[in-house]
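K.L.:
Structure incoming, see below.
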Amino acid sequence: MSNIISTNTPGKTRNRLTKAVVVSIRELMRQSEQDEKSKDLAAFIILALDAIAETVEKTVAAWEKRNYWLKADRFRLEWLWASQLSREMHSALKSDDWTLVIKTVVEVAQKLHKIQVSDKHRLGTLWVGAWDELLKKG
């Protein structure tokens, strides 16, 4: 038997998630009022930021096995904002504080300002049902 090689690496997952967050932020900024779609978009951003933080830990774990401690610590610090902004946005969304939600979304957008996504992307509407998923998660 041959080895099974996974092509779905943490880096590819992180790249896909950051692009999805950028698309979600664009869509959220187009909203004129807060409705169910706005909640789904905000919840998706929170869930995606949590998933990004998980991919960072997977990447760092591989480096730490090889004793690349400095590289791992730098990478963690580079992506530390993802989990922090996720927690901040989650508490703001739970308390229905849309001013703080939008402020946090702007901070996320500033962190991801280099990510380019075409208007004709094929990512779809990943945020549909994210609010219910966030409520189940806690």
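Here's how to read the names in the structure tokens: chain A, B, ... by the order shown, residue numbers from 1 in each chain, ligand numbers from 1 in the order shown.
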Per residue of range 40-69 of chain A within 12 Å of range 105-121 of chain A, note the shortest atom pair and the distance in Å to one decimal, counting only C-alpha atoms, and order the rows by chain and increasing residue number, as JSON lines.

P.N.:
{"residue": "A:Leu41", "atom": "CA", "partner": "A:Val105", "partner_atom": "CA", "distance": 10.4}
{"residue": "A:Ala42", "atom": "CA", "partner": "A:Val105", "partner_atom": "CA", "distance": 8.2}
{"residue": "A:Ala43", "atom": "CA", "partner": "A:Val105", "partner_atom": "CA", "distance": 11.2}
{"residue": "A:Phe44", "atom": "CA", "partner": "A:Val105", "partner_atom": "CA", "distance": 11.6}
{"residue": "A:Ile45", "atom": "CA", "partner": "A:Val105", "partner_atom": "CA", "distance": 8.3}
{"residue": "A:Ile46", "atom": "CA", "partner": "A:Val105", "partner_atom": "CA", "distance": 9.7}
{"residue": "A:Ala48", "atom": "CA", "partner": "A:Val108", "partner_atom": "CA", "distance": 11.4}
{"residue": "A:Leu49", "atom": "CA", "partner": "A:Val108", "partner_atom": "CA", "distance": 9.2}

K.L.:
Report as a short mmCIF file (atom, residue, chain, number, x, y, z; two decimals) with C-alpha atoms, in the first residue's frame: the residues of range 20-121 of chain A with a DSSP assignment of helix (DSSP H, G or I), based on the backbone of this structure.

P.N.:
data_model
loop_
_atom_site.label_atom_id
_atom_site.label_comp_id
_atom_site.auth_asym_id
_atom_site.auth_seq_id
_atom_site.Cartn_x
_atom_site.Cartn_y
_atom_site.Cartn_z
CA ALA A 20 -14.33 33.72 2.68
CA VAL A 21 -14.03 36.23 5.53
CA VAL A 22 -13.19 39.01 3.07
CA VAL A 23 -16.25 38.12 0.96
CA SER A 24 -18.41 38.04 4.10
CA ILE A 25 -17.13 41.43 5.23
CA ARG A 26 -17.94 42.92 1.82
CA GLU A 27 -21.45 41.49 2.00
CA LEU A 28 -21.96 42.67 5.59
CA MET A 29 -20.87 46.20 4.69
CA ARG A 30 -23.51 46.25 1.93
CA GLU A 36 -31.03 37.54 9.84
CA LYS A 37 -28.52 37.74 6.99
CA SER A 38 -26.42 40.20 8.98
CA LYS A 39 -26.40 37.82 11.94
CA ASP A 40 -25.40 34.95 9.66
CA LEU A 41 -22.58 37.00 8.16
CA ALA A 42 -21.26 38.12 11.53
CA ALA A 43 -21.53 34.59 12.94
CA PHE A 44 -19.70 33.18 9.91
CA ILE A 45 -16.86 35.65 10.42
CA ILE A 46 -16.60 34.55 14.06
CA LEU A 47 -16.58 30.85 13.16
CA ALA A 48 -14.08 31.40 10.36
CA LEU A 49 -11.73 33.32 12.65
CA ASP A 50 -11.90 30.45 15.14
CA ALA A 51 -11.10 27.99 12.35
CA ILE A 52 -8.18 30.17 11.22
CA ALA A 53 -6.81 30.09 14.77
CA GLU A 54 -7.05 26.28 14.71
CA THR A 55 -5.09 26.09 11.45
CA VAL A 56 -2.40 28.25 13.00
CA GLU A 57 -2.05 25.77 15.85
CA LYS A 58 -1.81 22.84 13.41
CA THR A 59 0.91 24.61 11.45
CA VAL A 60 2.82 25.54 14.58
CA ALA A 61 2.59 22.01 15.98
CA ALA A 62 4.39 20.68 12.92
CA TRP A 63 7.15 23.25 13.31
CA GLU A 64 7.55 22.58 17.02
CA LYS A 65 8.11 18.87 16.29
CA TRP A 69 10.44 27.28 18.27
CA LEU A 70 11.22 30.83 17.17
CA LYS A 71 9.46 30.41 13.83
CA ALA A 72 6.44 28.92 15.61
CA ASP A 73 6.25 31.75 18.15
CA ARG A 74 6.51 34.42 15.45
CA PHE A 75 3.76 32.76 13.43
CA ARG A 76 1.51 32.54 16.50
CA LEU A 77 2.04 36.23 17.21
CA GLU A 78 1.33 37.09 13.58
CA TRP A 79 -2.10 35.39 13.77
CA LEU A 80 -2.96 36.09 17.42
CA TRP A 81 -5.45 38.73 16.34
CA ALA A 82 -7.79 36.09 14.84
CA SER A 83 -8.80 34.49 18.12
CA GLN A 84 -8.85 37.83 19.97
CA LEU A 85 -11.13 39.53 17.45
CA SER A 86 -13.31 36.43 17.27
CA ARG A 87 -13.93 36.52 21.03
CA GLU A 88 -14.54 40.27 20.96
CA MET A 89 -16.98 40.01 18.08
CA HIS A 90 -18.75 37.02 19.63
CA SER A 91 -19.45 38.86 22.87
CA ALA A 92 -20.62 41.93 20.93
CA LEU A 93 -22.95 39.84 18.76
CA LYS A 94 -24.38 38.00 21.79
CA TRP A 98 -23.88 46.19 16.39
CA THR A 99 -21.65 49.22 16.83
CA LEU A 100 -18.97 47.03 18.38
CA VAL A 101 -19.61 44.26 15.84
CA ILE A 102 -18.98 46.66 12.95
CA LYS A 103 -15.93 48.11 14.71
CA THR A 104 -14.51 44.61 15.08
CA VAL A 105 -15.34 43.76 11.47
CA VAL A 106 -13.39 46.84 10.38
CA GLU A 107 -10.41 45.65 12.45
CA VAL A 108 -10.60 42.23 10.78
CA ALA A 109 -10.80 43.92 7.38
CA GLN A 110 -7.67 45.92 8.19
CA LYS A 111 -5.82 42.74 9.09
#

K.L.:
CA of Arg16 in chain A and CA of Ser32 in chain A are how many Å apart?

P.N.:
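For CA of Arg16 in chain A relative to CA of Ser32 in chain A, the distance reads 26.9 Å.
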